[in-house]
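J.: Got a structure for you, questions after.
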Amino acid sequence: MMGDSDSKLSPRTAAIKAALDAKPGAMADPASAPGATIYKVMGKMFAILSTKNVEAVSLKCDPHLADILREQYAGVGHRYHLDRRHWISVSLDTDVPAEEIGRLVAHSYELVRAKLTRRQQAELEAL
């Protein structure tokens with residue numbers, strides 16, 4: 001369900017938000033910080049969507065892939081409060097193609113999902 005603040009999102013950011021919301025078991029916590037929404041699956045964070053000032057998404061990422069992406073795209077960097085080895089920040093209005101961002105959202109979700117206990121994974125499958 002889209003709220004008033006969602007109507008102010010760019011079409012690209014709205015599409016990324018929809019992709020995050022569509023992940024099985026994904027829970028959005030809009031109260032985390034003004035202009036930021038933390039996405040978790042089974043209580044484990046897999047994304048932070050920032051909509052204040054610069055629209056961006058921070059995603060969990062394989063360390064080797066993170067290095068490659070930072071070299072390949074000007075729009076891929078990191079946020080100071082997240083471990084740069086395991087997290088990337090993707091500016092949503094730069095040179096990173098929307099399809100690539102979609103793949104990175106799925107990659108982040110799968111990395112976190114793979115670390116869940118068997119019981120948590122079974123609960124997630126049942127959704």
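In the structure tokens, each chain is lettered A, B, ... as it comes, each chain's residues begin at 1, and ligands are numbered from 1 in order of appearance.
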Assign secondary structure with DSSP using the backbone only, and return the residues of chain A in helix (DSSP H, G or I) as a PyMOL selection string.
T.: chain A and resi 5-8+11-22+63-72+98-114+118-125
J.: Save the residues we just selected, C-alpha atoms, as a CSV table (one decimal), in the first residue's frame?
T.:
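So part32.csv came out as:
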chain,number,residue,atom,x,y,z
A,5,SER,CA,5.6,9.8,1.0
A,6,ASP,CA,5.6,7.0,-1.7
A,7,SER,CA,3.9,9.3,-4.2
A,8,LYS,CA,7.0,11.5,-4.1
A,11,PRO,CA,9.6,6.0,-10.9
A,12,ARG,CA,12.9,4.1,-10.6
A,13,THR,CA,12.9,4.3,-6.8
A,14,ALA,CA,9.2,3.3,-6.6
A,15,ALA,CA,10.1,0.2,-8.8
A,16,ILE,CA,13.0,-0.7,-6.4
A,17,LYS,CA,10.7,-0.3,-3.4
A,18,ALA,CA,8.1,-2.6,-5.1
A,19,ALA,CA,10.9,-5.2,-5.7
A,20,LEU,CA,11.9,-5.0,-2.0
A,21,ASP,CA,8.3,-5.2,-0.8
A,22,ALA,CA,7.7,-8.3,-3.1
A,63,PRO,CA,32.7,-9.0,-1.2
A,64,HIS,CA,34.3,-9.9,-4.5
A,65,LEU,CA,31.3,-8.7,-6.5
A,66,ALA,CA,31.2,-5.5,-4.4
A,67,ASP,CA,34.7,-4.7,-5.6
A,68,ILE,CA,33.8,-5.3,-9.2
A,69,LEU,CA,30.7,-3.2,-9.0
A,70,ARG,CA,32.5,-0.3,-7.4
A,71,GLU,CA,35.0,-0.3,-10.3
A,72,GLN,CA,32.3,-0.7,-13.0
A,98,ALA,CA,17.6,-0.7,-13.4
A,99,GLU,CA,18.0,-4.4,-14.3
A,100,GLU,CA,21.3,-4.6,-12.5
A,101,ILE,CA,19.8,-3.0,-9.4
A,102,GLY,CA,17.0,-5.6,-9.5
A,103,ARG,CA,19.6,-8.4,-9.7
A,104,LEU,CA,21.4,-6.8,-6.7
A,105,VAL,CA,18.2,-6.7,-4.7
A,106,ALA,CA,17.7,-10.4,-5.3
A,107,HIS,CA,21.4,-11.1,-4.6
A,108,SER,CA,21.2,-9.3,-1.2
A,109,TYR,CA,18.0,-11.1,-0.2
A,110,GLU,CA,19.4,-14.5,-1.2
A,111,LEU,CA,22.6,-13.9,0.8
A,112,VAL,CA,20.6,-13.2,3.9
A,113,ARG,CA,18.1,-16.0,3.3
A,114,ALA,CA,20.9,-18.5,2.9
A,118,ARG,CA,16.6,-24.4,8.6
A,119,ARG,CA,13.5,-23.6,10.7
A,120,GLN,CA,13.4,-20.0,9.5
A,121,GLN,CA,13.9,-21.1,5.9
A,122,ALA,CA,11.0,-23.6,6.3
A,123,GLU,CA,8.8,-20.8,7.7
A,124,LEU,CA,9.8,-18.6,4.8
A,125,GLU,CA,8.9,-21.3,2.3
J.: Mind checking which residues fall within 8 Å of range 76-79 of chain A, counting only C-alpha atoms, ignoring those fewer than 2 positions away in the same chain, and posting them as a PyMOL selection string?
T.: chain A and resi 58+69-70+73-74+81-82+84+87-91+96
J.: If I take CA of Ala26 in chain A and CA of Cys61 in chain A, how far is one from the other in Å, to one decimal?
T.: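 According to the coordinates, CA of Ala26 in chain A and CA of Cys61 in chain A are separated by 17.3 Å.
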J.: From the list A:Met27, A:Thr94, A:Thr51, A:His86, which residue is nearest Tyr39 in chain A when using only C-alpha atoms?
T.: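 For Tyr39 in chain A, the nearest of the given residues is A:Met27.
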J.: Report the distance between CA of Leu116 in chain A and CA of Gly43 in chain A in Å, rounded to one decimal place.
T.: 9.7 Å
J.: Where in chain A does DSSP assign strand (DSSP E or B), given as an NGL selection string?
T.: :A and (26-33 or 36-41 or 44-50 or 56-60 or 76-77 or 87-91)
J.: When you draw a straight line from CA of Lys44 in chain A to CA of Asp62 in chain A, how long is it in Å?
T.: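 Spanning CA of Lys44 in chain A to CA of Asp62 in chain A is a straight-line distance of 16.2 Å.
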